[in-house]
Amino acid sequence: MALGTATVPYEPRFDAGRICLDLLATTHPVERLDSLAPLRAWIAGSGLVPPGTPLAHADAAWLTAFRELRGCVGQLVRGCLNGEPRSYERALDRVNDLARAAAPPAPRAVRGEDGRLVRELAGPPECAALLATLARDAVELLTDPVARASLRQCEGDNCPIVYLDMSRGRRRRWCSSEVCGNRERVARHRRRAALARA
């Protein structure tokens with residue numbers, strides 16, 4: 001590996017405002033759900049399951065199913081953003097089918113090692129139940145006129161992230177001020193500096 005080309009470990013992002021939009025963010029800047037380890041990390045980090053929930057039973061079929069749902073939700077969300085919500089009937093049918101599945105096992109309170117109450121699931125979560133939770137979140141987002149009106153595409157260069165703009169005044173421009181916003185500010189500074197030198 002050449003000097004300066006080490007890859008930074010991927011930290012899943014959960015800042016889009018809805019869990020189904022956070023799932024969409026796993027494609028940027030490259031495919032993030034490329035194996036079971038990142039999928040398990042994303043499921044745990046997203047709050048779909050309580051911390052420490054064993055996910056060893058997740059297999060390659062889970063990876064395929066999560067990526068398929070992500071594609072369907074992406075088509076529907078982008079259709080709403082582009083003013084073409086009727087363009088993706090197959091994706092809508094699939095999301096609705098997935099939303100009908102059973103919910104994950106009920107959470108329960110148990111004593112942790114230190115005696116405090118912690119949340120755990122009454123049984124192992126199944127893929128269909130987790131997908132149903134995500135699909136229901138997408139259905140709620142797409143059928144809520146206020147949430148739908150708050151959908152925004154990041155204005156950062158080549159950033160496909162979609163988020164809910166819940167800022168005061170609804171003027172948020174970037175998926176992350178620290179990432180895309182900072183890149184824009186640096187680029188603006190460089191343009192001004194280049195003009196000043198010319």
# chains A, B, ... in the order shown; residues from 1 in each chain; ligands from 1
>>> residues_around(residues="Leu134 in chain A", least_positions_apart="4", cutoff="8 Å", atoms="only C-alpha atoms", output="PyMOL selection string")
chain A and resi 19-20+99+130+138
>>> write_last_selection(atoms="C-alpha atoms", output="compact mmCIF listing (two decimals), in the first residue's frame")
# COMPACT_ATOMS: atom_id res chain seq x y z
CA ILE A 19 -33.43 4.83 10.13
CA CYS A 20 -34.50 4.05 6.55
CA ALA A 99 -43.65 -4.03 6.11
CA LEU A 130 -35.80 -6.31 11.14
CA ALA A 138 -40.03 4.05 5.08
>>> residues_around(residues="range 139-146 of chain A", least_positions_apart="2", cutoff="12 Å", atoms="only C-alpha atoms", output="ChimeraX atom specification")
/A:17-21,72-81,85,91-100,132-137,148-151,163-166,170
>>> residues_around(residues="Arg119 in chain A", least_positions_apart="6", cutoff="8 Å", atoms="only C-alpha atoms", output="MDAnalysis selection string")
chainID A and resid 50 107:110
>>> select_by_dssp(residues="range 34-195 of chain A", states="strand (DSSP E or B)", output="PyMOL selection string")
chain A and resi 107-111+117-121+151-153+162-164
>>> write_last_selection(atoms="N, CA and C atoms", output="short mmCIF file (atom, residue, chain, number, x, y, z; two decimals), in the first residue's frame")
data_model
loop_
_atom_site.label_atom_id
_atom_site.label_comp_id
_atom_site.auth_asym_id
_atom_site.auth_seq_id
_atom_site.Cartn_x
_atom_site.Cartn_y
_atom_site.Cartn_z
N PRO A 107 -39.06 -6.31 23.41
CA PRO A 107 -37.98 -5.99 24.34
C PRO A 107 -38.43 -6.30 25.77
N ARG A 108 -37.45 -6.58 26.60
CA ARG A 108 -37.76 -6.80 28.01
C ARG A 108 -36.63 -6.21 28.83
N ALA A 109 -36.94 -5.86 30.06
CA ALA A 109 -35.94 -5.31 30.98
C ALA A 109 -35.37 -6.45 31.80
N VAL A 110 -34.05 -6.51 31.85
CA VAL A 110 -33.36 -7.53 32.65
C VAL A 110 -32.25 -6.84 33.44
N ARG A 111 -31.78 -7.50 34.47
CA ARG A 111 -30.69 -6.96 35.27
C ARG A 111 -29.36 -7.19 34.55
N LEU A 117 -31.05 -2.05 35.24
CA LEU A 117 -31.91 -2.62 34.21
C LEU A 117 -31.38 -2.26 32.82
N VAL A 118 -31.33 -3.25 31.95
CA VAL A 118 -30.93 -3.06 30.56
C VAL A 118 -31.99 -3.71 29.67
N ARG A 119 -32.02 -3.28 28.44
CA ARG A 119 -33.00 -3.81 27.49
C ARG A 119 -32.37 -4.93 26.68
N GLU A 120 -33.13 -6.00 26.49
CA GLU A 120 -32.73 -7.07 25.59
C GLU A 120 -33.99 -7.61 24.93
N LEU A 121 -33.81 -8.33 23.85
CA LEU A 121 -34.95 -8.92 23.15
C LEU A 121 -35.30 -10.25 23.78
N LEU A 151 -37.60 16.19 3.29
CA LEU A 151 -36.54 15.41 2.63
C LEU A 151 -35.64 16.34 1.84
N ARG A 152 -34.34 16.16 1.98
CA ARG A 152 -33.37 16.97 1.25
C ARG A 152 -32.25 16.08 0.74
N GLN A 153 -31.72 16.45 -0.41
CA GLN A 153 -30.52 15.84 -0.97
C GLN A 153 -29.35 16.72 -0.57
N VAL A 162 -29.40 11.47 1.47
CA VAL A 162 -30.70 12.12 1.66
C VAL A 162 -30.96 12.15 3.16
N TYR A 163 -31.48 13.27 3.64
CA TYR A 163 -31.71 13.43 5.07
C TYR A 163 -33.00 14.20 5.29
N LEU A 164 -33.46 14.22 6.53
CA LEU A 164 -34.61 15.04 6.91
C LEU A 164 -34.08 16.36 7.45
#
>>> closest_residue(among="A:Cys159, A:Cys127, A:Ala25, A:Leu33", to="Ala56 in chain A", atoms="only C-alpha atoms")
A:Cys127
>>> select_by_dssp(residues="range 6-84 of chain A", states="alpha helix (DSSP H)", output="ChimeraX atom specification")
/A:19-24,36-46,60-81
>>> write_last_selection(atoms="N, CA, C and O atoms", output="short mmCIF file (atom, residue, chain, number, x, y, z; two decimals), in the first residue's frame")
data_model
loop_
_atom_site.label_atom_id
_atom_site.label_comp_id
_atom_site.auth_asym_id
_atom_site.auth_seq_id
_atom_site.Cartn_x
_atom_site.Cartn_y
_atom_site.Cartn_z
N ILE A 19 -34.25 6.03 10.27
CA ILE A 19 -33.43 4.83 10.13
C ILE A 19 -33.39 4.34 8.68
O ILE A 19 -32.37 3.85 8.20
N CYS A 20 -34.51 4.49 7.95
CA CYS A 20 -34.50 4.05 6.55
C CYS A 20 -33.57 4.92 5.71
O CYS A 20 -32.94 4.44 4.76
N LEU A 21 -33.42 6.20 6.06
CA LEU A 21 -32.48 7.07 5.36
C LEU A 21 -31.04 6.75 5.77
O LEU A 21 -30.12 6.86 4.95
N ASP A 22 -30.85 6.36 7.02
CA ASP A 22 -29.52 5.93 7.45
C ASP A 22 -29.07 4.69 6.66
O ASP A 22 -27.90 4.55 6.34
N LEU A 23 -30.02 3.82 6.36
CA LEU A 23 -29.69 2.65 5.55
C LEU A 23 -29.23 3.07 4.15
O LEU A 23 -28.27 2.51 3.61
N LEU A 24 -29.87 4.10 3.58
CA LEU A 24 -29.46 4.59 2.26
C LEU A 24 -28.02 5.10 2.28
O LEU A 24 -27.30 4.98 1.29
N LEU A 36 -20.84 -9.45 6.12
CA LEU A 36 -21.71 -9.57 7.29
C LEU A 36 -21.27 -8.72 8.48
O LEU A 36 -22.11 -8.22 9.22
N ALA A 37 -19.98 -8.54 8.66
CA ALA A 37 -19.51 -7.75 9.81
C ALA A 37 -20.04 -6.32 9.77
O ALA A 37 -20.58 -5.83 10.77
N PRO A 38 -19.93 -5.60 8.64
CA PRO A 38 -20.49 -4.25 8.62
C PRO A 38 -22.02 -4.24 8.74
O PRO A 38 -22.59 -3.32 9.34
N LEU A 39 -22.68 -5.26 8.21
CA LEU A 39 -24.14 -5.33 8.36
C LEU A 39 -24.51 -5.49 9.83
O LEU A 39 -25.38 -4.77 10.34
N ARG A 40 -23.84 -6.39 10.51
CA ARG A 40 -24.11 -6.59 11.94
C ARG A 40 -23.83 -5.30 12.73
O ARG A 40 -24.59 -4.92 13.62
N ALA A 41 -22.74 -4.62 12.39
CA ALA A 41 -22.41 -3.36 13.07
C ALA A 41 -23.48 -2.31 12.79
O ALA A 41 -23.86 -1.55 13.69
N TRP A 42 -23.97 -2.27 11.56
CA TRP A 42 -25.00 -1.28 11.22
C TRP A 42 -26.29 -1.59 11.97
O TRP A 42 -26.92 -0.68 12.53
N ILE A 43 -26.70 -2.85 12.01
CA ILE A 43 -27.93 -3.23 12.72
C ILE A 43 -27.82 -2.85 14.18
O ILE A 43 -28.74 -2.26 14.76
N ALA A 44 -26.70 -3.15 14.81
CA ALA A 44 -26.51 -2.83 16.23
C ALA A 44 -26.46 -1.32 16.44
O ALA A 44 -27.10 -0.79 17.35
N GLY A 45 -25.72 -0.61 15.59
CA GLY A 45 -25.59 0.83 15.75
C GLY A 45 -26.85 1.60 15.46
O GLY A 45 -27.07 2.69 15.99
N SER A 46 -27.71 1.05 14.62
CA SER A 46 -28.94 1.74 14.24
C SER A 46 -30.00 1.74 15.33
O SER A 46 -30.96 2.49 15.28
N ALA A 60 -25.54 -14.65 4.69
CA ALA A 60 -25.46 -13.92 3.43
C ALA A 60 -26.84 -13.51 2.90
O ALA A 60 -26.97 -12.49 2.23
N ALA A 61 -27.86 -14.29 3.22
CA ALA A 61 -29.22 -13.92 2.78
C ALA A 61 -29.66 -12.60 3.42
O ALA A 61 -30.38 -11.82 2.81
N TRP A 62 -29.22 -12.36 4.65
CA TRP A 62 -29.53 -11.09 5.31
C TRP A 62 -28.92 -9.94 4.53
O TRP A 62 -29.57 -8.92 4.30
N LEU A 63 -27.67 -10.11 4.15
CA LEU A 63 -26.97 -9.07 3.41
C LEU A 63 -27.72 -8.74 2.12
O LEU A 63 -27.97 -7.57 1.81
N THR A 64 -28.12 -9.75 1.39
CA THR A 64 -28.86 -9.56 0.15
C THR A 64 -30.19 -8.87 0.41
O THR A 64 -30.57 -7.93 -0.30
N ALA A 65 -30.90 -9.29 1.45
CA ALA A 65 -32.21 -8.73 1.75
C ALA A 65 -32.12 -7.26 2.18
O ALA A 65 -32.93 -6.43 1.75
N PHE A 66 -31.14 -6.92 3.01
CA PHE A 66 -30.99 -5.53 3.44
C PHE A 66 -30.63 -4.64 2.26
O PHE A 66 -31.13 -3.52 2.13
N ARG A 67 -29.76 -5.13 1.39
CA ARG A 67 -29.37 -4.34 0.22
C ARG A 67 -30.54 -4.19 -0.75
O ARG A 67 -30.71 -3.13 -1.36
N GLU A 68 -31.37 -5.21 -0.89
CA GLU A 68 -32.55 -5.12 -1.75
C GLU A 68 -33.52 -4.06 -1.20
O GLU A 68 -34.01 -3.22 -1.95
N LEU A 69 -33.79 -4.13 0.09
CA LEU A 69 -34.69 -3.14 0.70
C LEU A 69 -34.11 -1.74 0.54
O LEU A 69 -34.83 -0.79 0.20
N ARG A 70 -32.82 -1.60 0.75
CA ARG A 70 -32.17 -0.29 0.58
C ARG A 70 -32.40 0.25 -0.83
O ARG A 70 -32.71 1.42 -1.01
N GLY A 71 -32.28 -0.60 -1.83
CA GLY A 71 -32.51 -0.17 -3.21
C GLY A 71 -33.94 0.28 -3.44
O GLY A 71 -34.18 1.30 -4.10
N CYS A 72 -34.89 -0.46 -2.89
CA CYS A 72 -36.31 -0.08 -3.05
C CYS A 72 -36.61 1.24 -2.36
O CYS A 72 -37.27 2.12 -2.93
N VAL A 73 -36.14 1.38 -1.13
CA VAL A 73 -36.37 2.63 -0.39
C VAL A 73 -35.69 3.79 -1.13
O VAL A 73 -36.26 4.87 -1.25
N GLY A 74 -34.50 3.57 -1.64
CA GLY A 74 -33.79 4.61 -2.38
C GLY A 74 -34.58 5.07 -3.60
O GLY A 74 -34.68 6.27 -3.87
N GLN A 75 -35.15 4.13 -4.34
CA GLN A 75 -35.96 4.50 -5.50
C GLN A 75 -37.16 5.35 -5.09
O GLN A 75 -37.47 6.36 -5.73
N LEU A 76 -37.83 4.94 -4.02
CA LEU A 76 -39.02 5.67 -3.58
C LEU A 76 -38.68 7.06 -3.05
O LEU A 76 -39.36 8.05 -3.38
N VAL A 77 -37.63 7.16 -2.25
CA VAL A 77 -37.24 8.45 -1.69
C VAL A 77 -36.79 9.40 -2.80
O VAL A 77 -37.20 10.55 -2.86
N ARG A 78 -35.98 8.90 -3.72
CA ARG A 78 -35.52 9.75 -4.82
C ARG A 78 -36.67 10.12 -5.74
O ARG A 78 -36.71 11.22 -6.28
N GLY A 79 -37.64 9.23 -5.90
CA GLY A 79 -38.84 9.56 -6.68
C GLY A 79 -39.61 10.71 -6.04
O GLY A 79 -40.08 11.60 -6.74
N CYS A 80 -39.69 10.71 -4.72
CA CYS A 80 -40.35 11.82 -4.02
C CYS A 80 -39.57 13.12 -4.20
O CYS A 80 -40.15 14.17 -4.43
N LEU A 81 -38.25 13.03 -4.09
CA LEU A 81 -37.41 14.23 -4.24
C LEU A 81 -37.49 14.79 -5.66
O LEU A 81 -37.44 16.00 -5.85
#
>>> closest_residue(among="A:Ser87, A:Ala194, A:Gly115, A:Gly156", to="Cys180 in chain A", atoms="only C-alpha atoms")
A:Gly156
>>> closest_residue(among="A:His28, A:Arg191, A:Arg173, A:Arg13", to="Asn158 in chain A", atoms="only C-alpha atoms")
A:His28
>>> residues_around(residues="range 175-179 of chain A", least_positions_apart="6", cutoff="7 Å", atoms="only C-alpha atoms", output="PyMOL selection string")
chain A and resi 16+154+161+163
>>> write_last_selection(atoms="N, CA and C atoms", output="PDB file, in the first residue's frame")
ATOM      1  N   ALA A  16     -29.196  10.891   9.445  1.00  0.00           N
ATOM      2  CA  ALA A  16     -30.108  11.301   8.376  1.00  0.00           C
ATOM      3  C   ALA A  16     -31.507  11.642   8.883  1.00  0.00           C
ATOM      4  N   CYS A 154     -28.278  16.129  -0.067  1.00  0.00           N
ATOM      5  CA  CYS A 154     -27.103  16.887   0.325  1.00  0.00           C
ATOM      6  C   CYS A 154     -26.589  17.692  -0.866  1.00  0.00           C
ATOM      7  N   ILE A 161     -26.329  11.510  -0.248  1.00  0.00           N
ATOM      8  CA  ILE A 161     -27.041  11.305   1.016  1.00  0.00           C
ATOM      9  C   ILE A 161     -28.326  12.129   1.037  1.00  0.00           C
ATOM     10  N   TYR A 163     -31.477  13.267   3.636  1.00  0.00           N
ATOM     11  CA  TYR A 163     -31.711  13.429   5.071  1.00  0.00           C
ATOM     12  C   TYR A 163     -32.995  14.202   5.287  1.00  0.00           C
TER      13      TYR A 163
END
>>> atom_distance(atom1="CA of Pro105 in chain A", atom2="CA of Val49 in chain A")
9.6 Å
>>> decode(residues="range 62-77 of chain A", atoms="all heavy atoms", output="short mmCIF file (atom, residue, chain, number, x, y, z; two decimals), in the first residue's frame")
data_model
loop_
_atom_site.label_atom_id
_atom_site.label_comp_id
_atom_site.auth_asym_id
_atom_site.auth_seq_id
_atom_site.Cartn_x
_atom_site.Cartn_y
_atom_site.Cartn_z
N TRP A 62 -29.22 -12.36 4.65
CA TRP A 62 -29.53 -11.09 5.31
C TRP A 62 -28.92 -9.94 4.53
O TRP A 62 -29.57 -8.92 4.30
CB TRP A 62 -28.98 -11.08 6.73
CG TRP A 62 -29.72 -11.87 7.75
CD1 TRP A 62 -30.19 -13.14 7.62
CD2 TRP A 62 -30.03 -11.46 9.07
NE1 TRP A 62 -30.77 -13.53 8.79
CE2 TRP A 62 -30.69 -12.53 9.69
CE3 TRP A 62 -29.80 -10.29 9.79
CZ2 TRP A 62 -31.14 -12.46 11.02
CZ3 TRP A 62 -30.23 -10.22 11.11
CH2 TRP A 62 -30.91 -11.29 11.70
N LEU A 63 -27.67 -10.11 4.15
CA LEU A 63 -26.97 -9.07 3.41
C LEU A 63 -27.72 -8.74 2.12
O LEU A 63 -27.97 -7.57 1.81
CB LEU A 63 -25.55 -9.55 3.12
CG LEU A 63 -24.52 -8.53 2.69
CD1 LEU A 63 -24.36 -7.43 3.72
CD2 LEU A 63 -23.19 -9.23 2.47
N THR A 64 -28.12 -9.75 1.39
CA THR A 64 -28.86 -9.56 0.15
C THR A 64 -30.19 -8.87 0.41
O THR A 64 -30.57 -7.93 -0.30
CB THR A 64 -29.11 -10.92 -0.54
OG1 THR A 64 -27.84 -11.52 -0.80
CG2 THR A 64 -29.88 -10.76 -1.82
N ALA A 65 -30.90 -9.29 1.45
CA ALA A 65 -32.21 -8.73 1.75
C ALA A 65 -32.12 -7.26 2.18
O ALA A 65 -32.93 -6.43 1.75
CB ALA A 65 -32.89 -9.55 2.85
N PHE A 66 -31.14 -6.92 3.01
CA PHE A 66 -30.99 -5.53 3.44
C PHE A 66 -30.63 -4.64 2.26
O PHE A 66 -31.13 -3.52 2.13
CB PHE A 66 -29.93 -5.41 4.55
CG PHE A 66 -30.49 -5.57 5.93
CD1 PHE A 66 -30.77 -6.83 6.44
CD2 PHE A 66 -30.75 -4.47 6.72
CE1 PHE A 66 -31.30 -6.98 7.72
CE2 PHE A 66 -31.27 -4.60 8.00
CZ PHE A 66 -31.55 -5.87 8.50
N ARG A 67 -29.76 -5.13 1.39
CA ARG A 67 -29.37 -4.34 0.22
C ARG A 67 -30.54 -4.19 -0.75
O ARG A 67 -30.71 -3.13 -1.36
CB ARG A 67 -28.16 -4.97 -0.45
CG ARG A 67 -26.90 -4.76 0.40
CD ARG A 67 -25.72 -5.55 -0.03
NE ARG A 67 -25.22 -5.14 -1.32
CZ ARG A 67 -24.06 -5.52 -1.82
NH1 ARG A 67 -23.27 -6.33 -1.12
NH2 ARG A 67 -23.67 -5.12 -3.00
N GLU A 68 -31.37 -5.21 -0.89
CA GLU A 68 -32.55 -5.12 -1.75
C GLU A 68 -33.52 -4.06 -1.20
O GLU A 68 -34.01 -3.22 -1.95
CB GLU A 68 -33.25 -6.46 -1.86
CG GLU A 68 -34.52 -6.37 -2.72
CD GLU A 68 -35.48 -7.53 -2.54
OE1 GLU A 68 -35.32 -8.33 -1.59
OE2 GLU A 68 -36.41 -7.61 -3.35
N LEU A 69 -33.79 -4.13 0.09
CA LEU A 69 -34.69 -3.14 0.70
C LEU A 69 -34.11 -1.74 0.54
O LEU A 69 -34.83 -0.79 0.20
CB LEU A 69 -34.93 -3.44 2.18
CG LEU A 69 -35.75 -2.39 2.93
CD1 LEU A 69 -37.13 -2.20 2.32
CD2 LEU A 69 -35.85 -2.75 4.41
N ARG A 70 -32.82 -1.60 0.75
CA ARG A 70 -32.17 -0.29 0.58
C ARG A 70 -32.40 0.25 -0.83
O ARG A 70 -32.71 1.42 -1.01
CB ARG A 70 -30.68 -0.43 0.87
CG ARG A 70 -29.93 0.88 0.76
CD ARG A 70 -28.45 0.67 0.93
NE ARG A 70 -27.90 -0.15 -0.13
CZ ARG A 70 -26.70 -0.71 -0.11
NH1 ARG A 70 -25.92 -0.57 0.93
NH2 ARG A 70 -26.27 -1.43 -1.12
N GLY A 71 -32.28 -0.60 -1.83
CA GLY A 71 -32.51 -0.17 -3.21
C GLY A 71 -33.94 0.28 -3.44
O GLY A 71 -34.18 1.30 -4.10
N CYS A 72 -34.89 -0.46 -2.89
CA CYS A 72 -36.31 -0.08 -3.05
C CYS A 72 -36.61 1.24 -2.36
O CYS A 72 -37.27 2.12 -2.93
CB CYS A 72 -37.21 -1.19 -2.49
SG CYS A 72 -37.19 -2.72 -3.44
N VAL A 73 -36.14 1.38 -1.13
CA VAL A 73 -36.37 2.63 -0.39
C VAL A 73 -35.69 3.79 -1.13
O VAL A 73 -36.26 4.87 -1.25
CB VAL A 73 -35.86 2.52 1.07
CG1 VAL A 73 -35.87 3.87 1.76
CG2 VAL A 73 -36.69 1.51 1.84
N GLY A 74 -34.50 3.57 -1.64
CA GLY A 74 -33.79 4.61 -2.38
C GLY A 74 -34.58 5.07 -3.60
O GLY A 74 -34.68 6.27 -3.87
N GLN A 75 -35.15 4.13 -4.34
CA GLN A 75 -35.96 4.50 -5.50
C GLN A 75 -37.16 5.35 -5.09
O GLN A 75 -37.47 6.36 -5.73
CB GLN A 75 -36.45 3.25 -6.23
CG GLN A 75 -35.39 2.51 -7.00
CD GLN A 75 -35.93 1.25 -7.65
OE1 GLN A 75 -37.06 0.83 -7.41
NE2 GLN A 75 -35.11 0.64 -8.48
N LEU A 76 -37.83 4.94 -4.02
CA LEU A 76 -39.02 5.67 -3.58
C LEU A 76 -38.68 7.06 -3.05
O LEU A 76 -39.36 8.05 -3.38
CB LEU A 76 -39.76 4.86 -2.52
CG LEU A 76 -40.35 3.54 -3.02
CD1 LEU A 76 -40.83 2.70 -1.85
CD2 LEU A 76 -41.46 3.79 -4.01
N VAL A 77 -37.63 7.16 -2.25
CA VAL A 77 -37.24 8.45 -1.69
C VAL A 77 -36.79 9.40 -2.80
O VAL A 77 -37.20 10.55 -2.86
CB VAL A 77 -36.14 8.27 -0.62
CG1 VAL A 77 -35.47 9.58 -0.27
CG2 VAL A 77 -36.72 7.61 0.61
#
